[in-house]
Amino acid sequence: MALLGKSLLRSKFGSYVCKARELIVNQRRCIVSCVDPSLGLTEEQKEFQKVAFDFAANEMAPHMAEWDQKEIFPVDTMRKAAQLGFGGIYVKPDVGGSGLSRLDTSIIFEALSTGCVSTTAYMSIHNMCAWMIDAFGNEKQRQTFCPPLCSMDKFASYCLTEPGSGSDAASLLTTAKRRGDHYILNGSKAFISGGGDTDIYVVMCRTGEKGAKGISCVVVEKGTPGLSFGKKEKKVGWNSQPTRAVIFEDCAVPVINRLGEEGQGFLIAMKGLNGGRINIASCSLGAAHASVLLARDHLKVRKQFGEPLSNSQFLQFTLAQMATRLVASRLMVRQAALALQEDREDAVTLCSMAKLFATDECFAICNQALQMHGGYGYLKDYAIQQFVRDIRVHQILEGTNEVMKMIISRNLLQE
């Protein structure tokens, strides 16, 4: 629904905001000013950030552990989020999107991730797919695919990685040979978030020569003959979203489902990933923010040697370092989001820097917060261990952090 933000935000969400649970109200009151994620935002941004925080507390956090342990894909909850405009945050309003900026999107995903990183991360991938169709599709494709994606009546998956091509994405082998008015797809994709449970697959496939210039992008709908799925993967984290291989065996896809021109697929994939890197870094920010607050509260109530842990200068200094890393990460992510929104020349490098820095630092923050909890932090009764498990993969996907270093160094060393 294209109702989030702008003048409609106050009227549509006023009643919802007023229903905030005592938990989130107390948390917001207790936020130490130096790590407050609303600092520097406009009043409008603060409003939809509050909507996202409230939704995370009311609809996600109470179920986070159950979704993880039972591997539940929370479709109904995500559709509730879509009613708030979170199904197509940076998709244009004429096809059901909210039309917000990349910075606005980062703010929302950070807030939602305090309630469940895994679910928010899937929503970020879904949003990326919807934006790719919105940005590169023709009018008929936009009007066909985007509205049900923005409402989350249908869900989307991004299909680039293959068993033999991870970081070296341009070497992908899935073929799409044209036969009349169809492409015949053969090959497989690996580690696909939502695979098997989602409805729309944005697929990178080879229609031409070797290398990046031979790759095209097509939209494949669930139920297409020749489309099948592998077993559901058992993962360390991200358990509220299914992950499967996506398999194409003589899968006939209409040529009219191709986004852009033949040979434009790799460019489309990379354009999507630039935003995806900001999104996933923002999910790491939410986990780290929640972990800092959990660690702070634990230090105040846990006593050892006759006094609260918060009296230990070592732990005080450690908490200070965690807070500093969090704020530095947030500033870098938001700067990169602005650069991407403005289509600046340095946007790709800044997105890579933000993804590298934020996912590394936020994982270190969550891991340190777990250490501060001692043995309790290792129990599944405590949320901190789930934040650690869920964001570990952020250093791997959307381009590994080693690939981020390659992109950054290439920029530095170019003539």
# chains A, B, ... in the order shown; residues from 1 in each chain; ligands from 1
call {"tool": "residues_around", "arguments": {"residues": "stretch 201-205 of chain A", "least_positions_apart": "6", "cutoff": "8 Å", "atoms": "only C-alpha atoms", "output": "JSON, numbers by chain"}}
result
{"A": [129, 156, 157, 158, 159, 160, 172, 173, 174, 175, 176, 185, 215, 216, 217, 218, 219, 220, 221, 222, 265, 266, 269]}
call {"tool": "closest_atom_pairs", "arguments": {"of": "stretch 255-344 of chain A", "to": "stretch 35-49 of chain A", "cutoff": "9 Å", "atoms": "only C-alpha atoms", "output": "tab-separated table"}}
result
residue	atom	partner	partner_atom	distance
A:His289	CA	A:Val35	CA	7.7
A:Val292	CA	A:Val35	CA	8.9
A:Ala323	CA	A:Val35	CA	6.4
A:Thr324	CA	A:Val35	CA	8.2
A:Leu326	CA	A:Val35	CA	7.4
A:Val327	CA	A:Val35	CA	6.2
A:Arg330	CA	A:Pro37	CA	8.2
call {"tool": "write_last_selection", "arguments": {"atoms": "C-alpha atoms", "output": "PDB file, in the first residue's frame"}}
result
ATOM      1  CA  HIS A 289      21.059  -1.606  18.678  1.00  0.00           C
ATOM      2  CA  VAL A 292      23.501  -2.799  23.208  1.00  0.00           C
ATOM      3  CA  ALA A 323      27.948   2.121  21.472  1.00  0.00           C
ATOM      4  CA  THR A 324      30.617   3.961  19.489  1.00  0.00           C
ATOM      5  CA  LEU A 326      27.056   1.167  16.583  1.00  0.00           C
ATOM      6  CA  VAL A 327      26.780   4.893  15.976  1.00  0.00           C
ATOM      7  CA  ARG A 330      24.771   3.828  11.501  1.00  0.00           C
TER       8      ARG A 330
END
call {"tool": "residues_around", "arguments": {"residues": "A:Thr243", "least_positions_apart": "3", "cutoff": "12 Å", "atoms": "only C-alpha atoms", "output": "PDB file with N, CA, C and O atoms, in the first residue's frame"}}
result
ATOM      1  N   GLU A  71      10.889 -22.802  12.655  1.00  0.00           N
ATOM      2  CA  GLU A  71      11.150 -22.462  11.251  1.00  0.00           C
ATOM      3  C   GLU A  71       9.859 -22.058  10.530  1.00  0.00           C
ATOM      4  O   GLU A  71       9.510 -22.569   9.474  1.00  0.00           O
ATOM      5  N   ILE A  72       9.182 -21.085  11.125  1.00  0.00           N
ATOM      6  CA  ILE A  72       7.917 -20.575  10.585  1.00  0.00           C
ATOM      7  C   ILE A  72       8.186 -19.376   9.688  1.00  0.00           C
ATOM      8  O   ILE A  72       8.887 -18.438  10.086  1.00  0.00           O
ATOM      9  N   PHE A  73       7.636 -19.405   8.497  1.00  0.00           N
ATOM     10  CA  PHE A  73       7.689 -18.269   7.575  1.00  0.00           C
ATOM     11  C   PHE A  73       6.447 -17.428   7.849  1.00  0.00           C
ATOM     12  O   PHE A  73       5.333 -17.808   7.459  1.00  0.00           O
ATOM     13  N   SER A 118      15.734 -12.000  11.040  1.00  0.00           N
ATOM     14  CA  SER A 118      15.528 -12.947   9.956  1.00  0.00           C
ATOM     15  C   SER A 118      14.344 -12.544   9.075  1.00  0.00           C
ATOM     16  O   SER A 118      14.445 -12.527   7.843  1.00  0.00           O
ATOM     17  N   TYR A 122      14.392 -11.005   5.120  1.00  0.00           N
ATOM     18  CA  TYR A 122      13.632 -11.490   3.961  1.00  0.00           C
ATOM     19  C   TYR A 122      12.832 -10.340   3.347  1.00  0.00           C
ATOM     20  O   TYR A 122      12.787 -10.184   2.116  1.00  0.00           O
ATOM     21  N   SER A 157      11.555 -13.693  -4.663  1.00  0.00           N
ATOM     22  CA  SER A 157      12.901 -14.177  -4.361  1.00  0.00           C
ATOM     23  C   SER A 157      13.870 -13.698  -5.435  1.00  0.00           C
ATOM     24  O   SER A 157      13.504 -13.573  -6.606  1.00  0.00           O
ATOM     25  N   TYR A 158      15.103 -13.470  -5.014  1.00  0.00           N
ATOM     26  CA  TYR A 158      16.176 -12.997  -5.894  1.00  0.00           C
ATOM     27  C   TYR A 158      17.091 -14.173  -6.208  1.00  0.00           C
ATOM     28  O   TYR A 158      17.624 -14.805  -5.300  1.00  0.00           O
ATOM     29  N   CYS A 159      17.267 -14.466  -7.497  1.00  0.00           N
ATOM     30  CA  CYS A 159      17.986 -15.680  -7.904  1.00  0.00           C
ATOM     31  C   CYS A 159      19.217 -15.329  -8.733  1.00  0.00           C
ATOM     32  O   CYS A 159      19.135 -15.167  -9.956  1.00  0.00           O
ATOM     33  N   LYS A 189      19.798 -22.495  -9.079  1.00  0.00           N
ATOM     34  CA  LYS A 189      20.241 -21.422  -8.207  1.00  0.00           C
ATOM     35  C   LYS A 189      20.330 -21.953  -6.781  1.00  0.00           C
ATOM     36  O   LYS A 189      19.530 -22.809  -6.374  1.00  0.00           O
ATOM     37  N   ALA A 190      21.288 -21.450  -6.020  1.00  0.00           N
ATOM     38  CA  ALA A 190      21.533 -21.967  -4.668  1.00  0.00           C
ATOM     39  C   ALA A 190      21.269 -20.895  -3.609  1.00  0.00           C
ATOM     40  O   ALA A 190      21.390 -19.699  -3.874  1.00  0.00           O
ATOM     41  N   PHE A 191      20.910 -21.353  -2.411  1.00  0.00           N
ATOM     42  CA  PHE A 191      20.734 -20.479  -1.241  1.00  0.00           C
ATOM     43  C   PHE A 191      19.700 -19.384  -1.483  1.00  0.00           C
ATOM     44  O   PHE A 191      19.910 -18.234  -1.109  1.00  0.00           O
ATOM     45  N   ILE A 192      18.569 -19.727  -2.064  1.00  0.00           N
ATOM     46  CA  ILE A 192      17.574 -18.724  -2.424  1.00  0.00           C
ATOM     47  C   ILE A 192      16.593 -18.497  -1.270  1.00  0.00           C
ATOM     48  O   ILE A 192      15.834 -19.395  -0.897  1.00  0.00           O
ATOM     49  N   SER A 193      16.625 -17.297  -0.728  1.00  0.00           N
ATOM     50  CA  SER A 193      15.728 -16.941   0.378  1.00  0.00           C
ATOM     51  C   SER A 193      14.280 -16.956  -0.098  1.00  0.00           C
ATOM     52  O   SER A 193      13.942 -16.320  -1.092  1.00  0.00           O
ATOM     53  N   GLY A 194      13.455 -17.684   0.623  1.00  0.00           N
ATOM     54  CA  GLY A 194      12.056 -17.820   0.273  1.00  0.00           C
ATOM     55  C   GLY A 194      11.782 -18.906  -0.749  1.00  0.00           C
ATOM     56  O   GLY A 194      10.622 -19.189  -1.058  1.00  0.00           O
ATOM     57  N   GLY A 195      12.843 -19.518  -1.291  1.00  0.00           N
ATOM     58  CA  GLY A 195      12.694 -20.500  -2.354  1.00  0.00           C
ATOM     59  C   GLY A 195      11.668 -21.577  -2.020  1.00  0.00           C
ATOM     60  O   GLY A 195      11.725 -22.192  -0.952  1.00  0.00           O
ATOM     61  N   GLY A 196      10.744 -21.806  -2.932  1.00  0.00           N
ATOM     62  CA  GLY A 196       9.711 -22.814  -2.730  1.00  0.00           C
ATOM     63  C   GLY A 196       8.446 -22.274  -2.104  1.00  0.00           C
ATOM     64  O   GLY A 196       7.355 -22.786  -2.358  1.00  0.00           O
ATOM     65  N   ASP A 197       8.574 -21.237  -1.285  1.00  0.00           N
ATOM     66  CA  ASP A 197       7.407 -20.650  -0.625  1.00  0.00           C
ATOM     67  C   ASP A 197       6.955 -19.356  -1.287  1.00  0.00           C
ATOM     68  O   ASP A 197       5.846 -18.888  -1.024  1.00  0.00           O
ATOM     69  N   THR A 198       7.803 -18.781  -2.115  1.00  0.00           N
ATOM     70  CA  THR A 198       7.487 -17.501  -2.730  1.00  0.00           C
ATOM     71  C   THR A 198       6.859 -17.699  -4.103  1.00  0.00           C
ATOM     72  O   THR A 198       6.843 -18.803  -4.648  1.00  0.00           O
ATOM     73  N   PHE A 229      12.112 -27.202  -6.781  1.00  0.00           N
ATOM     74  CA  PHE A 229      12.889 -26.699  -5.661  1.00  0.00           C
ATOM     75  C   PHE A 229      13.590 -27.841  -4.937  1.00  0.00           C
ATOM     76  O   PHE A 229      13.085 -28.961  -4.877  1.00  0.00           O
ATOM     77  N   GLY A 230      14.747 -27.527  -4.346  1.00  0.00           N
ATOM     78  CA  GLY A 230      15.477 -28.501  -3.567  1.00  0.00           C
ATOM     79  C   GLY A 230      14.924 -28.597  -2.156  1.00  0.00           C
ATOM     80  O   GLY A 230      13.902 -27.989  -1.814  1.00  0.00           O
ATOM     81  N   LYS A 231      15.608 -29.349  -1.327  1.00  0.00           N
ATOM     82  CA  LYS A 231      15.180 -29.519   0.065  1.00  0.00           C
ATOM     83  C   LYS A 231      15.376 -28.208   0.829  1.00  0.00           C
ATOM     84  O   LYS A 231      16.201 -27.364   0.470  1.00  0.00           O
ATOM     85  N   LYS A 232      14.608 -28.058   1.873  1.00  0.00           N
ATOM     86  CA  LYS A 232      14.737 -26.887   2.731  1.00  0.00           C
ATOM     87  C   LYS A 232      16.031 -27.007   3.522  1.00  0.00           C
ATOM     88  O   LYS A 232      16.262 -28.008   4.216  1.00  0.00           O
ATOM     89  N   GLU A 233      16.880 -25.996   3.412  1.00  0.00           N
ATOM     90  CA  GLU A 233      18.186 -26.045   4.075  1.00  0.00           C
ATOM     91  C   GLU A 233      18.039 -25.848   5.589  1.00  0.00           C
ATOM     92  O   GLU A 233      17.180 -25.088   6.055  1.00  0.00           O
ATOM     93  N   LYS A 234      18.907 -26.507   6.348  1.00  0.00           N
ATOM     94  CA  LYS A 234      18.968 -26.331   7.800  1.00  0.00           C
ATOM     95  C   LYS A 234      20.079 -25.331   8.095  1.00  0.00           C
ATOM     96  O   LYS A 234      21.249 -25.593   7.825  1.00  0.00           O
ATOM     97  N   LYS A 235      19.715 -24.193   8.649  1.00  0.00           N
ATOM     98  CA  LYS A 235      20.656 -23.092   8.784  1.00  0.00           C
ATOM     99  C   LYS A 235      20.940 -22.757  10.251  1.00  0.00           C
ATOM    100  O   LYS A 235      20.142 -23.048  11.139  1.00  0.00           O
ATOM    101  N   VAL A 236      22.057 -22.079  10.466  1.00  0.00           N
ATOM    102  CA  VAL A 236      22.422 -21.604  11.798  1.00  0.00           C
ATOM    103  C   VAL A 236      21.439 -20.530  12.261  1.00  0.00           C
ATOM    104  O   VAL A 236      20.992 -20.510  13.408  1.00  0.00           O
ATOM    105  N   GLY A 237      21.110 -19.617  11.359  1.00  0.00           N
ATOM    106  CA  GLY A 237      20.172 -18.540  11.645  1.00  0.00           C
ATOM    107  C   GLY A 237      19.249 -18.331  10.459  1.00  0.00           C
ATOM    108  O   GLY A 237      19.129 -19.184   9.578  1.00  0.00           O
ATOM    109  N   TRP A 238      18.578 -17.172  10.449  1.00  0.00           N
ATOM    110  CA  TRP A 238      17.626 -16.855   9.376  1.00  0.00           C
ATOM    111  C   TRP A 238      16.603 -17.978   9.216  1.00  0.00           C
ATOM    112  O   TRP A 238      16.228 -18.368   8.125  1.00  0.00           O
ATOM    113  N   ASN A 239      16.121 -18.495  10.332  1.00  0.00           N
ATOM    114  CA  ASN A 239      15.231 -19.656  10.286  1.00  0.00           C
ATOM    115  C   ASN A 239      13.764 -19.306  10.070  1.00  0.00           C
ATOM    116  O   ASN A 239      12.951 -20.207   9.838  1.00  0.00           O
ATOM    117  N   SER A 240      13.412 -18.026  10.124  1.00  0.00           N
ATOM    118  CA  SER A 240      12.019 -17.668   9.845  1.00  0.00           C
ATOM    119  C   SER A 240      11.778 -17.484   8.352  1.00  0.00           C
ATOM    120  O   SER A 240      10.675 -17.121   7.944  1.00  0.00           O
ATOM    121  N   VAL A 246      16.718 -23.443  -6.306  1.00  0.00           N
ATOM    122  CA  VAL A 246      15.675 -23.249  -7.319  1.00  0.00           C
ATOM    123  C   VAL A 246      16.186 -23.880  -8.609  1.00  0.00           C
ATOM    124  O   VAL A 246      17.261 -23.530  -9.095  1.00  0.00           O
TER     125      VAL A 246
END
call {"tool": "select_by_dssp", "arguments": {"residues": "stretch 15-107 of chain A", "states": "helix (DSSP H, G or I)", "output": "PyMOL selection string"}}
result
chain A and resi 15-17+22-30+33-35+43-70+75-83+93-95+102-107
call {"tool": "residues_around", "arguments": {"residues": "A:Met78", "least_positions_apart": "5", "cutoff": "9 Å", "atoms": "only C-alpha atoms", "output": "ChimeraX atom specification"}}
result
/A:83,86-87,119-120,123,152
call {"tool": "residues_around", "arguments": {"residues": "stretch 89-105 of chain A", "least_positions_apart": "4", "cutoff": "7 Å", "atoms": "only C-alpha atoms", "output": "list in words"}}
result
Met1, Ala2, Leu3, Leu4, Gln45, Gly85, Phe109, Asn127, Ala130, Trp131, Asp134, Arg142, Gln143, Cys146, Pro147, Cys150, Arg334, Ala337, Leu338 and Gln341 of chain A
call {"tool": "write_last_selection", "arguments": {"atoms": "N, CA, C and O atoms", "output": "mmCIF file, in the first residue's frame"}}
result
data_model
loop_
_atom_site.group_PDB
_atom_site.id
_atom_site.type_symbol
_atom_site.label_atom_id
_atom_site.label_comp_id
_atom_site.auth_asym_id
_atom_site.auth_seq_id
_atom_site.Cartn_x
_atom_site.Cartn_y
_atom_site.Cartn_z
ATOM 1 N N MET A 1 0.842 -1.198 0.000
ATOM 2 C CA MET A 1 0.000 0.000 0.000
ATOM 3 C C MET A 1 0.871 1.240 0.000
ATOM 4 O O MET A 1 1.807 1.341 0.788
ATOM 5 N N ALA A 2 0.578 2.181 -0.857
ATOM 6 C CA ALA A 2 1.397 3.375 -0.999
ATOM 7 C C ALA A 2 0.931 4.465 -0.038
ATOM 8 O O ALA A 2 0.603 5.564 -0.426
ATOM 9 N N LEU A 3 0.914 4.137 1.236
ATOM 10 C CA LEU A 3 0.364 5.077 2.204
ATOM 11 C C LEU A 3 1.363 5.505 3.263
ATOM 12 O O LEU A 3 1.073 6.394 4.043
ATOM 13 N N LEU A 4 2.517 4.867 3.309
ATOM 14 C CA LEU A 4 3.482 5.193 4.346
ATOM 15 C C LEU A 4 4.186 6.485 3.998
ATOM 16 O O LEU A 4 4.528 6.732 2.863
ATOM 17 N N GLN A 45 10.410 11.365 9.319
ATOM 18 C CA GLN A 45 11.192 10.129 9.463
ATOM 19 C C GLN A 45 11.038 9.545 10.862
ATOM 20 O O GLN A 45 10.952 8.321 11.025
ATOM 21 N N GLY A 85 2.793 -0.224 4.482
ATOM 22 C CA GLY A 85 3.634 0.283 3.408
ATOM 23 C C GLY A 85 4.998 -0.339 3.330
ATOM 24 O O GLY A 85 5.853 0.125 2.566
ATOM 25 N N PHE A 109 14.119 -0.531 8.114
ATOM 26 C CA PHE A 109 14.654 -1.885 8.296
ATOM 27 C C PHE A 109 15.447 -2.010 9.601
ATOM 28 O O PHE A 109 15.427 -3.060 10.249
ATOM 29 N N ASN A 127 11.648 -6.497 -0.998
ATOM 30 C CA ASN A 127 11.607 -5.103 -1.435
ATOM 31 C C ASN A 127 12.574 -4.861 -2.591
ATOM 32 O O ASN A 127 12.258 -4.129 -3.530
ATOM 33 N N ALA A 130 11.009 -6.219 -5.781
ATOM 34 C CA ALA A 130 9.924 -5.351 -6.243
ATOM 35 C C ALA A 130 10.490 -4.095 -6.895
ATOM 36 O O ALA A 130 9.984 -3.634 -7.933
ATOM 37 N N TRP A 131 11.554 -3.532 -6.300
ATOM 38 C CA TRP A 131 12.177 -2.339 -6.878
ATOM 39 C C TRP A 131 12.804 -2.645 -8.234
ATOM 40 O O TRP A 131 12.708 -1.825 -9.164
ATOM 41 N N ASP A 134 10.101 -2.632 -10.702
ATOM 42 C CA ASP A 134 9.619 -1.261 -10.839
ATOM 43 C C ASP A 134 10.598 -0.419 -11.663
ATOM 44 O O ASP A 134 10.191 0.365 -12.532
ATOM 45 N N ARG A 142 5.384 -3.675 -14.720
ATOM 46 C CA ARG A 142 5.230 -2.952 -13.452
ATOM 47 C C ARG A 142 3.813 -3.110 -12.919
ATOM 48 O O ARG A 142 3.613 -3.402 -11.733
ATOM 49 N N GLN A 143 2.827 -2.924 -13.794
ATOM 50 C CA GLN A 143 1.434 -2.983 -13.359
ATOM 51 C C GLN A 143 1.002 -4.405 -13.027
ATOM 52 O O GLN A 143 0.105 -4.620 -12.198
ATOM 53 N N CYS A 146 4.140 -5.555 -9.653
ATOM 54 C CA CYS A 146 4.424 -4.745 -8.464
ATOM 55 C C CYS A 146 3.271 -4.630 -7.466
ATOM 56 O O CYS A 146 3.509 -4.745 -6.249
ATOM 57 N N PRO A 147 2.025 -4.398 -7.901
ATOM 58 C CA PRO A 147 0.963 -4.256 -6.893
ATOM 59 C C PRO A 147 0.827 -5.445 -5.940
ATOM 60 O O PRO A 147 0.768 -5.245 -4.714
ATOM 61 N N CYS A 150 3.826 -5.362 -3.536
ATOM 62 C CA CYS A 150 3.769 -4.296 -2.536
ATOM 63 C C CYS A 150 2.764 -4.610 -1.425
ATOM 64 O O CYS A 150 2.973 -4.236 -0.270
ATOM 65 N N ARG A 334 23.870 5.332 6.685
ATOM 66 C CA ARG A 334 22.971 6.400 6.247
ATOM 67 C C ARG A 334 23.623 7.296 5.197
ATOM 68 O O ARG A 334 22.956 7.778 4.275
ATOM 69 N N ALA A 337 23.364 5.397 2.002
ATOM 70 C CA ALA A 337 21.983 5.421 1.509
ATOM 71 C C ALA A 337 21.686 6.732 0.790
ATOM 72 O O ALA A 337 21.032 6.753 -0.266
ATOM 73 N N LEU A 338 22.179 7.826 1.336
ATOM 74 C CA LEU A 338 21.997 9.121 0.680
ATOM 75 C C LEU A 338 22.712 9.163 -0.664
ATOM 76 O O LEU A 338 22.176 9.659 -1.658
ATOM 77 N N GLN A 341 20.701 7.178 -3.168
ATOM 78 C CA GLN A 341 19.494 7.893 -3.546
ATOM 79 C C GLN A 341 19.808 9.000 -4.559
ATOM 80 O O GLN A 341 19.050 9.238 -5.502
#
call {"tool": "residues_around", "arguments": {"residues": "A:Tyr378", "least_positions_apart": "3", "cutoff": "12 Å", "atoms": "only C-alpha atoms", "output": "number ranges by chain"}}
result
A: 367-375, 381-389
call {"tool": "atom_distance", "arguments": {"atom1": "atom CA of A:Glu66", "atom2": "atom CA of A:Cys116"}}
result
10.9 Å
call {"tool": "atom_distance", "arguments": {"atom1": "atom CA of A:Gly137", "atom2": "atom CA of A:Ile256"}}
result
10.0 Å
